[in-house]
>>> print(open('model.pdb').read())   # PDB, C-alpha atoms and all ligand atoms
ATOM      1  CA  MET A   1       0.000   0.000   0.000  1.00  0.00           C
ATOM      2  CA  LEU A   2       1.053   3.560  -0.721  1.00  0.00           C
ATOM      3  CA  HIS A   3       0.780   6.001   2.180  1.00  0.00           C
ATOM      4  CA  TYR A   4       0.439   9.788   1.914  1.00  0.00           C
ATOM      5  CA  VAL A   5       2.216  10.844   5.091  1.00  0.00           C
ATOM      6  CA  THR A   6       1.019  14.193   6.376  1.00  0.00           C
ATOM      7  CA  THR A   7      -0.757  15.888   9.255  1.00  0.00           C
ATOM      8  CA  ASN A   8      -2.740  17.981   6.750  1.00  0.00           C
ATOM      9  CA  PRO A   9      -6.097  16.456   5.695  1.00  0.00           C
ATOM     10  CA  GLY A  10      -6.424  19.041   2.900  1.00  0.00           C
ATOM     11  CA  LYS A  11      -3.386  17.621   1.098  1.00  0.00           C
ATOM     12  CA  VAL A  12      -4.751  14.079   1.367  1.00  0.00           C
ATOM     13  CA  ARG A  13      -8.191  15.040   0.024  1.00  0.00           C
ATOM     14  CA  GLU A  14      -6.570  16.447  -3.092  1.00  0.00           C
ATOM     15  CA  ALA A  15      -4.182  13.517  -3.512  1.00  0.00           C
ATOM     16  CA  ARG A  16      -6.898  10.887  -3.121  1.00  0.00           C
ATOM     17  CA  GLU A  17      -9.200  12.784  -5.470  1.00  0.00           C
ATOM     18  CA  TYR A  18      -6.416  12.800  -8.052  1.00  0.00           C
ATOM     19  CA  LEU A  19      -4.891   9.328  -7.601  1.00  0.00           C
ATOM     20  CA  GLY A  20      -8.047   7.501  -6.500  1.00  0.00           C
ATOM     21  CA  ASP A  21      -9.156   6.389  -3.030  1.00  0.00           C
ATOM     22  CA  ASP A  22      -7.853   2.868  -3.652  1.00  0.00           C
ATOM     23  CA  ALA A  23      -4.417   4.085  -4.706  1.00  0.00           C
ATOM     24  CA  VAL A  24      -3.309   5.830  -1.545  1.00  0.00           C
ATOM     25  CA  THR A  25      -4.177   5.977   2.162  1.00  0.00           C
ATOM     26  CA  ALA A  26      -3.760   8.837   4.596  1.00  0.00           C
ATOM     27  CA  PHE A  27      -1.037   8.248   7.179  1.00  0.00           C
ATOM     28  CA  ASP A  28      -1.094  10.878   9.910  1.00  0.00           C
ATOM     29  CA  TYR A  29       2.512  11.202  11.092  1.00  0.00           C
ATOM     30  CA  ASP A  30       4.396  14.399  11.893  1.00  0.00           C
ATOM     31  CA  TYR A  31       7.851  13.482  10.557  1.00  0.00           C
ATOM     32  CA  PRO A  32      10.667  15.791  11.700  1.00  0.00           C
ATOM     33  CA  GLU A  33      11.316  18.599   9.191  1.00  0.00           C
ATOM     34  CA  ILE A  34      14.752  20.051   8.537  1.00  0.00           C
ATOM     35  CA  GLN A  35      15.136  23.780   7.838  1.00  0.00           C
ATOM     36  CA  SER A  36      15.943  24.869   4.307  1.00  0.00           C
ATOM     37  CA  GLU A  37      15.280  27.855   2.053  1.00  0.00           C
ATOM     38  CA  THR A  38      13.969  25.491  -0.607  1.00  0.00           C
ATOM     39  CA  LEU A  39      11.314  22.774  -0.368  1.00  0.00           C
ATOM     40  CA  ALA A  40      13.093  19.875  -2.049  1.00  0.00           C
ATOM     41  CA  PRO A  41      15.646  19.068   0.684  1.00  0.00           C
ATOM     42  CA  ILE A  42      12.843  19.149   3.268  1.00  0.00           C
ATOM     43  CA  ALA A  43      10.794  16.699   1.216  1.00  0.00           C
ATOM     44  CA  VAL A  44      13.752  14.385   0.557  1.00  0.00           C
ATOM     45  CA  ASP A  45      14.680  14.200   4.211  1.00  0.00           C
ATOM     46  CA  GLY A  46      11.027  13.846   5.226  1.00  0.00           C
ATOM     47  CA  ALA A  47      10.447  10.970   2.806  1.00  0.00           C
ATOM     48  CA  ARG A  48      13.310   8.988   4.318  1.00  0.00           C
ATOM     49  CA  ALA A  49      12.065   9.685   7.853  1.00  0.00           C
ATOM     50  CA  ALA A  50       8.509   8.751   6.882  1.00  0.00           C
ATOM     51  CA  PHE A  51       9.591   5.525   5.169  1.00  0.00           C
ATOM     52  CA  ASP A  52      11.652   4.652   8.220  1.00  0.00           C
ATOM     53  CA  HIS A  53       8.571   5.106  10.398  1.00  0.00           C
ATOM     54  CA  VAL A  54       5.942   3.491   8.160  1.00  0.00           C
ATOM     55  CA  GLY A  55       7.963   0.659   6.613  1.00  0.00           C
ATOM     56  CA  GLU A  56       5.884   0.716   3.410  1.00  0.00           C
ATOM     57  CA  PRO A  57       5.982   2.949   0.314  1.00  0.00           C
ATOM     58  CA  VAL A  58       5.409   6.591   1.241  1.00  0.00           C
ATOM     59  CA  ILE A  59       4.788   9.995  -0.285  1.00  0.00           C
ATOM     60  CA  VAL A  60       5.491  13.196   1.584  1.00  0.00           C
ATOM     61  CA  ASP A  61       4.361  16.570   0.290  1.00  0.00           C
ATOM     62  CA  ASP A  62       6.138  19.788   1.176  1.00  0.00           C
ATOM     63  CA  ALA A  63       4.461  22.948  -0.045  1.00  0.00           C
ATOM     64  CA  GLY A  64       4.683  26.687   0.353  1.00  0.00           C
ATOM     65  CA  LEU A  65       3.520  30.074  -0.837  1.00  0.00           C
ATOM     66  CA  PHE A  66       6.361  32.223  -2.212  1.00  0.00           C
ATOM     67  CA  ILE A  67       5.500  35.953  -2.446  1.00  0.00           C
ATOM     68  CA  ASP A  68       7.808  37.615  -4.991  1.00  0.00           C
ATOM     69  CA  GLY A  69       7.759  41.103  -3.477  1.00  0.00           C
ATOM     70  CA  LEU A  70       8.518  39.691  -0.006  1.00  0.00           C
ATOM     71  CA  ASP A  71      11.624  37.865  -1.258  1.00  0.00           C
ATOM     72  CA  GLY A  72       9.806  34.542  -1.294  1.00  0.00           C
ATOM     73  CA  PHE A  73       8.350  34.802   2.238  1.00  0.00           C
ATOM     74  CA  PRO A  74       6.767  32.711   3.749  1.00  0.00           C
ATOM     75  CA  GLY A  75       8.054  29.953   1.393  1.00  0.00           C
ATOM     76  CA  PRO A  76       9.289  26.960   3.398  1.00  0.00           C
ATOM     77  CA  TYR A  77       8.017  28.694   6.543  1.00  0.00           C
ATOM     78  CA  SER A  78       4.421  28.823   5.270  1.00  0.00           C
ATOM     79  CA  ALA A  79       3.063  26.479   7.946  1.00  0.00           C
ATOM     80  CA  PHE A  80       4.770  28.505  10.690  1.00  0.00           C
ATOM     81  CA  ALA A  81       3.467  31.786   9.244  1.00  0.00           C
ATOM     82  CA  GLU A  82      -0.057  30.356   8.991  1.00  0.00           C
ATOM     83  CA  ASP A  83       0.069  29.165  12.626  1.00  0.00           C
ATOM     84  CA  THR A  84       1.513  32.417  13.963  1.00  0.00           C
ATOM     85  CA  LEU A  85       0.382  35.381  11.801  1.00  0.00           C
ATOM     86  CA  GLY A  86      -2.525  33.640  10.067  1.00  0.00           C
ATOM     87  CA  ILE A  87      -3.193  33.824   6.339  1.00  0.00           C
ATOM     88  CA  GLU A  88      -5.012  37.172   6.457  1.00  0.00           C
ATOM     89  CA  ARG A  89      -2.019  38.946   8.012  1.00  0.00           C
ATOM     90  CA  VAL A  90       0.364  37.277   5.577  1.00  0.00           C
ATOM     91  CA  GLY A  91      -1.900  38.519   2.779  1.00  0.00           C
ATOM     92  CA  ARG A  92      -1.996  41.987   4.342  1.00  0.00           C
ATOM     93  CA  LEU A  93       1.816  42.124   4.480  1.00  0.00           C
ATOM     94  CA  ALA A  94       1.932  41.430   0.763  1.00  0.00           C
ATOM     95  CA  LEU A  95      -0.820  43.866  -0.200  1.00  0.00           C
ATOM     96  CA  ASP A  96       0.551  46.661   2.005  1.00  0.00           C
ATOM     97  CA  ALA A  97       3.922  46.205   0.316  1.00  0.00           C
ATOM     98  CA  GLY A  98       2.287  46.341  -3.110  1.00  0.00           C
ATOM     99  CA  ALA A  99       3.549  42.825  -3.643  1.00  0.00           C
ATOM    100  CA  SER A 100       0.757  40.706  -5.052  1.00  0.00           C
ATOM    101  CA  ARG A 101       2.695  38.382  -7.352  1.00  0.00           C
ATOM    102  CA  ALA A 102       3.255  34.959  -5.805  1.00  0.00           C
ATOM    103  CA  THR A 103       3.943  31.324  -6.653  1.00  0.00           C
ATOM    104  CA  PHE A 104       2.592  28.236  -4.941  1.00  0.00           C
ATOM    105  CA  ARG A 105       5.072  25.363  -4.950  1.00  0.00           C
ATOM    106  CA  CYS A 106       4.718  21.706  -4.042  1.00  0.00           C
ATOM    107  CA  VAL A 107       7.374  19.020  -3.925  1.00  0.00           C
ATOM    108  CA  ILE A 108       6.204  15.432  -3.654  1.00  0.00           C
ATOM    109  CA  ALA A 109       8.839  12.950  -2.536  1.00  0.00           C
ATOM    110  CA  TYR A 110       8.404   9.195  -2.979  1.00  0.00           C
ATOM    111  CA  CYS A 111      10.378   6.535  -1.143  1.00  0.00           C
ATOM    112  CA  ASP A 112       9.939   2.760  -0.966  1.00  0.00           C
ATOM    113  CA  GLY A 113      13.465   1.835   0.119  1.00  0.00           C
ATOM    114  CA  GLU A 114      14.298   0.366  -3.304  1.00  0.00           C
ATOM    115  CA  PRO A 115      16.647   1.899  -5.856  1.00  0.00           C
ATOM    116  CA  PHE A 116      15.262   3.428  -9.047  1.00  0.00           C
ATOM    117  CA  SER A 117      16.730   2.737 -12.447  1.00  0.00           C
ATOM    118  CA  ALA A 118      19.314   5.479 -12.280  1.00  0.00           C
ATOM    119  CA  THR A 119      21.081   6.830 -15.314  1.00  0.00           C
ATOM    120  CA  PRO A 120      24.833   7.456 -14.812  1.00  0.00           C
ATOM    121  CA  ASP A 121      24.074  11.171 -15.129  1.00  0.00           C
ATOM    122  CA  SER A 122      21.510  11.262 -12.350  1.00  0.00           C
ATOM    123  CA  VAL A 123      23.635   9.121 -10.055  1.00  0.00           C
ATOM    124  CA  ASP A 124      26.539  11.443 -10.626  1.00  0.00           C
ATOM    125  CA  ARG A 125      24.462  14.532  -9.884  1.00  0.00           C
ATOM    126  CA  GLY A 126      22.991  12.715  -6.911  1.00  0.00           C
ATOM    127  CA  ARG A 127      26.387  12.709  -5.272  1.00  0.00           C
ATOM    128  CA  ARG A 128      26.304  16.495  -5.111  1.00  0.00           C
ATOM    129  CA  GLY A 129      24.737  17.100  -1.740  1.00  0.00           C
ATOM    130  CA  ASP A 130      24.074  20.815  -2.109  1.00  0.00           C
ATOM    131  CA  ASP A 131      20.645  22.439  -2.217  1.00  0.00           C
ATOM    132  CA  LEU A 132      21.119  23.707  -5.727  1.00  0.00           C
ATOM    133  CA  ALA A 133      21.609  20.227  -7.120  1.00  0.00           C
ATOM    134  CA  VAL A 134      18.520  18.985  -5.306  1.00  0.00           C
ATOM    135  CA  GLU A 135      16.467  21.950  -6.497  1.00  0.00           C
ATOM    136  CA  GLU A 136      17.644  21.400 -10.087  1.00  0.00           C
ATOM    137  CA  ARG A 137      16.523  17.825  -9.929  1.00  0.00           C
ATOM    138  CA  ALA A 138      13.176  18.792  -8.444  1.00  0.00           C
ATOM    139  CA  THR A 139      12.584  21.290 -11.212  1.00  0.00           C
ATOM    140  CA  ALA A 140      13.544  18.712 -13.808  1.00  0.00           C
ATOM    141  CA  ALA A 141      10.817  16.605 -12.194  1.00  0.00           C
ATOM    142  CA  THR A 142      11.923  13.012 -12.070  1.00  0.00           C
ATOM    143  CA  ASP A 143      15.476  12.350 -11.111  1.00  0.00           C
ATOM    144  CA  ASP A 144      16.896  10.346  -8.279  1.00  0.00           C
ATOM    145  CA  THR A 145      18.442  11.619  -5.130  1.00  0.00           C
ATOM    146  CA  VAL A 146      20.935   9.359  -3.445  1.00  0.00           C
ATOM    147  CA  ASP A 147      22.867  10.437  -0.400  1.00  0.00           C
ATOM    148  CA  ALA A 148      25.136   8.783   2.126  1.00  0.00           C
ATOM    149  CA  THR A 149      22.205   6.879   3.639  1.00  0.00           C
ATOM    150  CA  GLY A 150      21.809   5.111   0.293  1.00  0.00           C
ATOM    151  CA  VAL A 151      18.013   5.388   0.466  1.00  0.00           C
ATOM    152  CA  PRO A 152      16.802   6.837  -2.844  1.00  0.00           C
ATOM    153  CA  VAL A 153      14.006   9.388  -3.021  1.00  0.00           C
ATOM    154  CA  LYS A 154      12.189  10.444  -6.167  1.00  0.00           C
ATOM    155  CA  LEU A 155      10.997  14.058  -6.514  1.00  0.00           C
ATOM    156  CA  PHE A 156       8.084  15.590  -8.413  1.00  0.00           C
ATOM    157  CA  GLU A 157       7.593  19.337  -8.395  1.00  0.00           C
ATOM    158  CA  GLY A 158       4.680  21.516  -9.337  1.00  0.00           C
ATOM    159  CA  ALA A 159       4.383  25.304  -9.309  1.00  0.00           C
ATOM    160  CA  ILE A 160       1.656  27.765 -10.214  1.00  0.00           C
ATOM    161  CA  PRO A 161       1.892  31.561 -10.473  1.00  0.00           C
ATOM    162  CA  GLY A 162      -0.866  33.746  -9.109  1.00  0.00           C
ATOM    163  CA  ARG A 163      -1.728  36.843  -7.103  1.00  0.00           C
ATOM    164  CA  ILE A 164      -2.353  37.592  -3.447  1.00  0.00           C
ATOM    165  CA  VAL A 165      -5.843  39.051  -2.926  1.00  0.00           C
ATOM    166  CA  GLU A 166      -8.275  39.839  -0.111  1.00  0.00           C
ATOM    167  CA  PRO A 167      -9.662  36.490   1.152  1.00  0.00           C
ATOM    168  CA  ARG A 168     -12.470  34.999  -0.959  1.00  0.00           C
ATOM    169  CA  GLY A 169     -14.121  31.571  -0.956  1.00  0.00           C
ATOM    170  CA  THR A 170     -14.771  28.800   1.536  1.00  0.00           C
ATOM    171  CA  GLY A 171     -13.245  25.718  -0.105  1.00  0.00           C
ATOM    172  CA  GLY A 172      -9.746  24.290   0.089  1.00  0.00           C
ATOM    173  CA  PHE A 173      -7.448  24.910   3.044  1.00  0.00           C
ATOM    174  CA  GLY A 174      -4.520  27.006   4.206  1.00  0.00           C
ATOM    175  CA  TYR A 175      -3.735  29.980   1.982  1.00  0.00           C
ATOM    176  CA  ASP A 176      -6.361  29.100  -0.648  1.00  0.00           C
ATOM    177  CA  PRO A 177      -8.646  32.102   0.112  1.00  0.00           C
ATOM    178  CA  ILE A 178      -5.872  34.638  -0.587  1.00  0.00           C
ATOM    179  CA  PHE A 179      -4.340  32.972  -3.672  1.00  0.00           C
ATOM    180  CA  GLU A 180      -5.941  33.878  -6.989  1.00  0.00           C
ATOM    181  CA  HIS A 181      -5.216  32.374 -10.387  1.00  0.00           C
ATOM    182  CA  ASP A 182      -6.943  33.732 -13.503  1.00  0.00           C
ATOM    183  CA  GLY A 183      -9.478  35.692 -11.445  1.00  0.00           C
ATOM    184  CA  THR A 184     -10.524  32.824  -9.144  1.00  0.00           C
ATOM    185  CA  THR A 185      -9.122  32.004  -5.719  1.00  0.00           C
ATOM    186  CA  PHE A 186      -8.244  28.393  -4.931  1.00  0.00           C
ATOM    187  CA  ALA A 187     -10.893  28.553  -2.180  1.00  0.00           C
ATOM    188  CA  GLU A 188     -13.523  29.319  -4.841  1.00  0.00           C
ATOM    189  CA  MET A 189     -12.659  26.153  -6.781  1.00  0.00           C
ATOM    190  CA  SER A 190     -13.807  22.553  -6.366  1.00  0.00           C
ATOM    191  CA  ILE A 191     -11.080  20.006  -5.573  1.00  0.00           C
ATOM    192  CA  ASP A 192     -11.143  18.901  -9.219  1.00  0.00           C
ATOM    193  CA  GLU A 193     -10.816  22.440 -10.522  1.00  0.00           C
ATOM    194  CA  LYS A 194      -7.941  23.174  -8.140  1.00  0.00           C
ATOM    195  CA  ASN A 195      -6.170  19.884  -8.990  1.00  0.00           C
ATOM    196  CA  ALA A 196      -6.391  20.672 -12.698  1.00  0.00           C
ATOM    197  CA  ILE A 197      -4.080  23.683 -12.310  1.00  0.00           C
ATOM    198  CA  SER A 198      -2.549  23.711  -8.845  1.00  0.00           C
ATOM    199  CA  HIS A 199       1.036  23.182  -7.722  1.00  0.00           C
ATOM    200  CA  ARG A 200      -0.046  19.920  -6.059  1.00  0.00           C
ATOM    201  CA  GLY A 201      -2.088  18.779  -9.064  1.00  0.00           C
ATOM    202  CA  ARG A 202       0.922  19.277 -11.325  1.00  0.00           C
ATOM    203  CA  ALA A 203       3.223  17.381  -8.977  1.00  0.00           C
ATOM    204  CA  LEU A 204       0.630  14.589  -8.647  1.00  0.00           C
ATOM    205  CA  ALA A 205       0.347  14.357 -12.438  1.00  0.00           C
ATOM    206  CA  LYS A 206       4.103  13.832 -12.786  1.00  0.00           C
ATOM    207  CA  PHE A 207       4.059  11.300  -9.968  1.00  0.00           C
ATOM    208  CA  ALA A 208       1.094   9.357 -11.393  1.00  0.00           C
ATOM    209  CA  GLU A 209       2.717   9.086 -14.810  1.00  0.00           C
ATOM    210  CA  TRP A 210       5.955   7.790 -13.320  1.00  0.00           C
ATOM    211  CA  PHE A 211       4.320   5.498 -10.728  1.00  0.00           C
ATOM    212  CA  ALA A 212       2.198   3.755 -13.366  1.00  0.00           C
ATOM    213  CA  GLU A 213       5.475   2.412 -14.843  1.00  0.00           C
ATOM    214  CA  ARG A 214       6.915   1.285 -11.506  1.00  0.00           C
TER     215      ARG A 214
HETATM  216  P1  LIG A 301       2.588  18.221   6.738  1.00  0.00           P
HETATM  217  O1  LIG A 301       3.946  18.837   6.820  1.00  0.00           O
HETATM  218  O2  LIG A 301       2.252  17.361   7.923  1.00  0.00           O
HETATM  219  O3  LIG A 301       2.352  17.536   5.427  1.00  0.00           O
HETATM  220  P2  LIG A 301       1.723  20.992   6.804  1.00  0.00           P
HETATM  221  O4  LIG A 301       0.382  21.638   6.683  1.00  0.00           O
HETATM  222  O5  LIG A 301       2.586  21.362   7.961  1.00  0.00           O
HETATM  223  O6  LIG A 301       1.476  19.410   6.762  1.00  0.00           O
HETATM  224  P3  LIG A 301       3.812  21.986   5.048  1.00  0.00           P
HETATM  225  O7  LIG A 301       4.870  21.808   6.069  1.00  0.00           O
HETATM  226  O8  LIG A 301       4.086  21.562   3.646  1.00  0.00           O
HETATM  227  O9  LIG A 301       2.464  21.225   5.438  1.00  0.00           O
HETATM  228  O10 LIG A 301       3.354  23.492   5.085  1.00  0.00           O
HETATM  229  C1  LIG A 301       2.647  24.014   4.015  1.00  0.00           C
HETATM  230  C2  LIG A 301       1.922  25.273   4.398  1.00  0.00           C
HETATM  231  O11 LIG A 301       1.330  25.777   3.221  1.00  0.00           O
HETATM  232  C3  LIG A 301       0.792  25.053   5.381  1.00  0.00           C
HETATM  233  O12 LIG A 301       0.559  26.276   6.061  1.00  0.00           O
HETATM  234  C4  LIG A 301      -0.373  24.716   4.475  1.00  0.00           C
HETATM  235  O13 LIG A 301      -1.628  25.061   5.026  1.00  0.00           O
HETATM  236  C5  LIG A 301      -0.066  25.584   3.267  1.00  0.00           C
HETATM  237  N1  LIG A 301      -0.458  24.912   2.020  1.00  0.00           N
HETATM  238  C6  LIG A 301       0.102  23.828   1.454  1.00  0.00           C
HETATM  239  N2  LIG A 301      -0.533  23.489   0.330  1.00  0.00           N
HETATM  240  C7  LIG A 301      -1.521  24.381   0.178  1.00  0.00           C
HETATM  241  C8  LIG A 301      -2.539  24.548  -0.765  1.00  0.00           C
HETATM  242  O14 LIG A 301      -2.681  23.721  -1.778  1.00  0.00           O
HETATM  243  N3  LIG A 301      -3.388  25.578  -0.604  1.00  0.00           N
HETATM  244  C9  LIG A 301      -3.272  26.429   0.435  1.00  0.00           C
HETATM  245  N4  LIG A 301      -2.341  26.325   1.380  1.00  0.00           N
HETATM  246  C10 LIG A 301      -1.474  25.304   1.265  1.00  0.00           C
HETATM  247 NA    NA A 302       4.771  20.446   8.208  1.00  0.00          NA
END
>>> encode(input="model.pdb", output="structure tokens", more="lines below")
Ligand code: ITT
Ligand code: NA
Amino acid sequence: MLHYVTTNPGKVREAREYLGDDAVTAFDYDYPEIQSETLAPIAVDGARAAFDHVGEPVIVDDAGLFIDGLDGFPGPYSAFAEDTLGIERVGRLALDAGASRATFRCVIAYCDGEPFSATPDSVDRGRRGDDLAVEERATAATDDTVDATGVPVKLFEGAIPGRIVEPRGTGGFGYDPIFEHDGTTFAEMSIDEKNAISHRGRALAKFAEWFAER
């Protein structure tokens, strides 16, 4: 069985809607998160920790809202900013600064303890431990990451540009009411509509295509 490991039921609703209820179960576990300015290293590390805990194939999902005019804040600290300031004050910070352009990013990391069919190129790049290399691989979508632990993790990234607006809508979760794409906030969309364009939907699409071959 494949487990979507997260404490966030909103993520799981979208994943199960996309992949199918039979394809993935929700596994509520708060794996330890490292600190990083980019999402990919957090997801890679989290996937190994989650696999260690669960002992069966896992997905972890690290996501964040990056506001251009606030130098990418809250980014990887989006959960902390939601818990402390709340989404309305984060939105206010952006609007008061005249900074409405933003990008939602999601990195899905898959780990089942088994190696993937690595090309020499990806193995070679996998030996570079720096953030940049990891981020490059995440952007390229489907490369392997292998570190000293020898436990490979596969990454799938999705991103969607949009604008910060006054809160609108009652659907979704987290920052959805203040994130608008093409005139509609994510909180005004159904799960299907959001999945069709969202950061998570795009990452799930890449994952589903790859996983079907595994
Ligand atoms: P897990 O780490 O347990 O999966 P989390 O909610 O803490 O759950 P993150 O660490 O990835 O997740 O933090 C992401 C933050 O961004 C958090 O505040 C979420 O509410 C928010 N977020 C993530 N995806 C979102 C989405 O699709 N729409 C709105 N907000 C989202
Ligand atoms: Na988290």
>>> residues_near_ligand(input="model.pdb", ligand="ligand NA 302 (chain A)", cutoff="12 Å", atoms="only C-alpha atoms and all ligand atoms", output="VMD selection string")
chain A and resid 5 to 9 11 28 to 35 39 42 to 43 46 60 to 64 76 to 83
>>> write_last_selection(input="model.pdb", atoms="C-alpha atoms", output="short mmCIF file (atom, residue, chain, number, x, y, z; two decimals), in the frame of the given file")
data_model
loop_
_atom_site.label_atom_id
_atom_site.label_comp_id
_atom_site.auth_asym_id
_atom_site.auth_seq_id
_atom_site.Cartn_x
_atom_site.Cartn_y
_atom_site.Cartn_z
CA VAL A 5 2.22 10.84 5.09
CA THR A 6 1.02 14.19 6.38
CA THR A 7 -0.76 15.89 9.26
CA ASN A 8 -2.74 17.98 6.75
CA PRO A 9 -6.10 16.46 5.70
CA LYS A 11 -3.39 17.62 1.10
CA ASP A 28 -1.09 10.88 9.91
CA TYR A 29 2.51 11.20 11.09
CA ASP A 30 4.40 14.40 11.89
CA TYR A 31 7.85 13.48 10.56
CA PRO A 32 10.67 15.79 11.70
CA GLU A 33 11.32 18.60 9.19
CA ILE A 34 14.75 20.05 8.54
CA GLN A 35 15.14 23.78 7.84
CA LEU A 39 11.31 22.77 -0.37
CA ILE A 42 12.84 19.15 3.27
CA ALA A 43 10.79 16.70 1.22
CA GLY A 46 11.03 13.85 5.23
CA VAL A 60 5.49 13.20 1.58
CA ASP A 61 4.36 16.57 0.29
CA ASP A 62 6.14 19.79 1.18
CA ALA A 63 4.46 22.95 -0.04
CA GLY A 64 4.68 26.69 0.35
CA PRO A 76 9.29 26.96 3.40
CA TYR A 77 8.02 28.69 6.54
CA SER A 78 4.42 28.82 5.27
CA ALA A 79 3.06 26.48 7.95
CA PHE A 80 4.77 28.50 10.69
CA ALA A 81 3.47 31.79 9.24
CA GLU A 82 -0.06 30.36 8.99
CA ASP A 83 0.07 29.16 12.63
#
>>> axis_aligned_box(input="model.pdb", around="ligand LIG 301 (chain A)", padding_each_side="3 Å", output="JSON")
{"center_x": 0.7, "center_y": 21.9, "center_z": 3.1, "size_x": 14.3, "size_y": 15.1, "size_z": 15.7}
>>> residues_around(input="model.pdb", residues="region 198-206 of chain A", least_positions_apart="6", cutoff="12 Å", atoms="all atoms listed in the file", output="PDB file with C-alpha atoms, keeping the file's coordinate frame")
ATOM      1  CA  TYR A   4       0.439   9.788   1.914  1.00  0.00           C
ATOM      2  CA  GLY A  10      -6.424  19.041   2.900  1.00  0.00           C
ATOM      3  CA  LYS A  11      -3.386  17.621   1.098  1.00  0.00           C
ATOM      4  CA  VAL A  12      -4.751  14.079   1.367  1.00  0.00           C
ATOM      5  CA  ARG A  13      -8.191  15.040   0.024  1.00  0.00           C
ATOM      6  CA  GLU A  14      -6.570  16.447  -3.092  1.00  0.00           C
ATOM      7  CA  ALA A  15      -4.182  13.517  -3.512  1.00  0.00           C
ATOM      8  CA  ARG A  16      -6.898  10.887  -3.121  1.00  0.00           C
ATOM      9  CA  GLU A  17      -9.200  12.784  -5.470  1.00  0.00           C
ATOM     10  CA  TYR A  18      -6.416  12.800  -8.052  1.00  0.00           C
ATOM     11  CA  LEU A  19      -4.891   9.328  -7.601  1.00  0.00           C
ATOM     12  CA  GLY A  20      -8.047   7.501  -6.500  1.00  0.00           C
ATOM     13  CA  VAL A  24      -3.309   5.830  -1.545  1.00  0.00           C
ATOM     14  CA  ILE A  59       4.788   9.995  -0.285  1.00  0.00           C
ATOM     15  CA  VAL A  60       5.491  13.196   1.584  1.00  0.00           C
ATOM     16  CA  ASP A  61       4.361  16.570   0.290  1.00  0.00           C
ATOM     17  CA  ASP A  62       6.138  19.788   1.176  1.00  0.00           C
ATOM     18  CA  ALA A  63       4.461  22.948  -0.045  1.00  0.00           C
ATOM     19  CA  GLY A  64       4.683  26.687   0.353  1.00  0.00           C
ATOM     20  CA  LEU A  65       3.520  30.074  -0.837  1.00  0.00           C
ATOM     21  CA  PHE A  66       6.361  32.223  -2.212  1.00  0.00           C
ATOM     22  CA  THR A 103       3.943  31.324  -6.653  1.00  0.00           C
ATOM     23  CA  PHE A 104       2.592  28.236  -4.941  1.00  0.00           C
ATOM     24  CA  ARG A 105       5.072  25.363  -4.950  1.00  0.00           C
ATOM     25  CA  CYS A 106       4.718  21.706  -4.042  1.00  0.00           C
ATOM     26  CA  VAL A 107       7.374  19.020  -3.925  1.00  0.00           C
ATOM     27  CA  ILE A 108       6.204  15.432  -3.654  1.00  0.00           C
ATOM     28  CA  ALA A 109       8.839  12.950  -2.536  1.00  0.00           C
ATOM     29  CA  TYR A 110       8.404   9.195  -2.979  1.00  0.00           C
ATOM     30  CA  ALA A 138      13.176  18.792  -8.444  1.00  0.00           C
ATOM     31  CA  THR A 139      12.584  21.290 -11.212  1.00  0.00           C
ATOM     32  CA  ALA A 140      13.544  18.712 -13.808  1.00  0.00           C
ATOM     33  CA  ALA A 141      10.817  16.605 -12.194  1.00  0.00           C
ATOM     34  CA  THR A 142      11.923  13.012 -12.070  1.00  0.00           C
ATOM     35  CA  ASP A 143      15.476  12.350 -11.111  1.00  0.00           C
ATOM     36  CA  LYS A 154      12.189  10.444  -6.167  1.00  0.00           C
ATOM     37  CA  LEU A 155      10.997  14.058  -6.514  1.00  0.00           C
ATOM     38  CA  PHE A 156       8.084  15.590  -8.413  1.00  0.00           C
ATOM     39  CA  GLU A 157       7.593  19.337  -8.395  1.00  0.00           C
ATOM     40  CA  GLY A 158       4.680  21.516  -9.337  1.00  0.00           C
ATOM     41  CA  ALA A 159       4.383  25.304  -9.309  1.00  0.00           C
ATOM     42  CA  ILE A 160       1.656  27.765 -10.214  1.00  0.00           C
ATOM     43  CA  PRO A 161       1.892  31.561 -10.473  1.00  0.00           C
ATOM     44  CA  GLY A 162      -0.866  33.746  -9.109  1.00  0.00           C
ATOM     45  CA  GLY A 172      -9.746  24.290   0.089  1.00  0.00           C
ATOM     46  CA  ASP A 176      -6.361  29.100  -0.648  1.00  0.00           C
ATOM     47  CA  PHE A 179      -4.340  32.972  -3.672  1.00  0.00           C
ATOM     48  CA  GLU A 180      -5.941  33.878  -6.989  1.00  0.00           C
ATOM     49  CA  HIS A 181      -5.216  32.374 -10.387  1.00  0.00           C
ATOM     50  CA  ASP A 182      -6.943  33.732 -13.503  1.00  0.00           C
ATOM     51  CA  THR A 185      -9.122  32.004  -5.719  1.00  0.00           C
ATOM     52  CA  PHE A 186      -8.244  28.393  -4.931  1.00  0.00           C
ATOM     53  CA  ALA A 187     -10.893  28.553  -2.180  1.00  0.00           C
ATOM     54  CA  MET A 189     -12.659  26.153  -6.781  1.00  0.00           C
ATOM     55  CA  SER A 190     -13.807  22.553  -6.366  1.00  0.00           C
ATOM     56  CA  ILE A 191     -11.080  20.006  -5.573  1.00  0.00           C
ATOM     57  CA  ASP A 192     -11.143  18.901  -9.219  1.00  0.00           C
ATOM     58  CA  ALA A 212       2.198   3.755 -13.366  1.00  0.00           C
ATOM     59  CA  GLU A 213       5.475   2.412 -14.843  1.00  0.00           C
TER      60      GLU A 213
END
>>> closest_residue(input="model.pdb", among="A:Asn195, A:Thr25, A:Thr184, A:Ser100", to="ligand LIG 301 (chain A)", atoms="all atoms listed in the file")
A:Asn195
>>> atom_distance(input="model.pdb", atom1="atom O5 of ligand LIG 301 (chain A)", atom2="CA of Thr170 (chain A)")
19.9 Å
>>> atom_distance(input="model.pdb", atom1="CA of Arg92 (chain A)", atom2="CA of Ala196 (chain A)")
27.6 Å
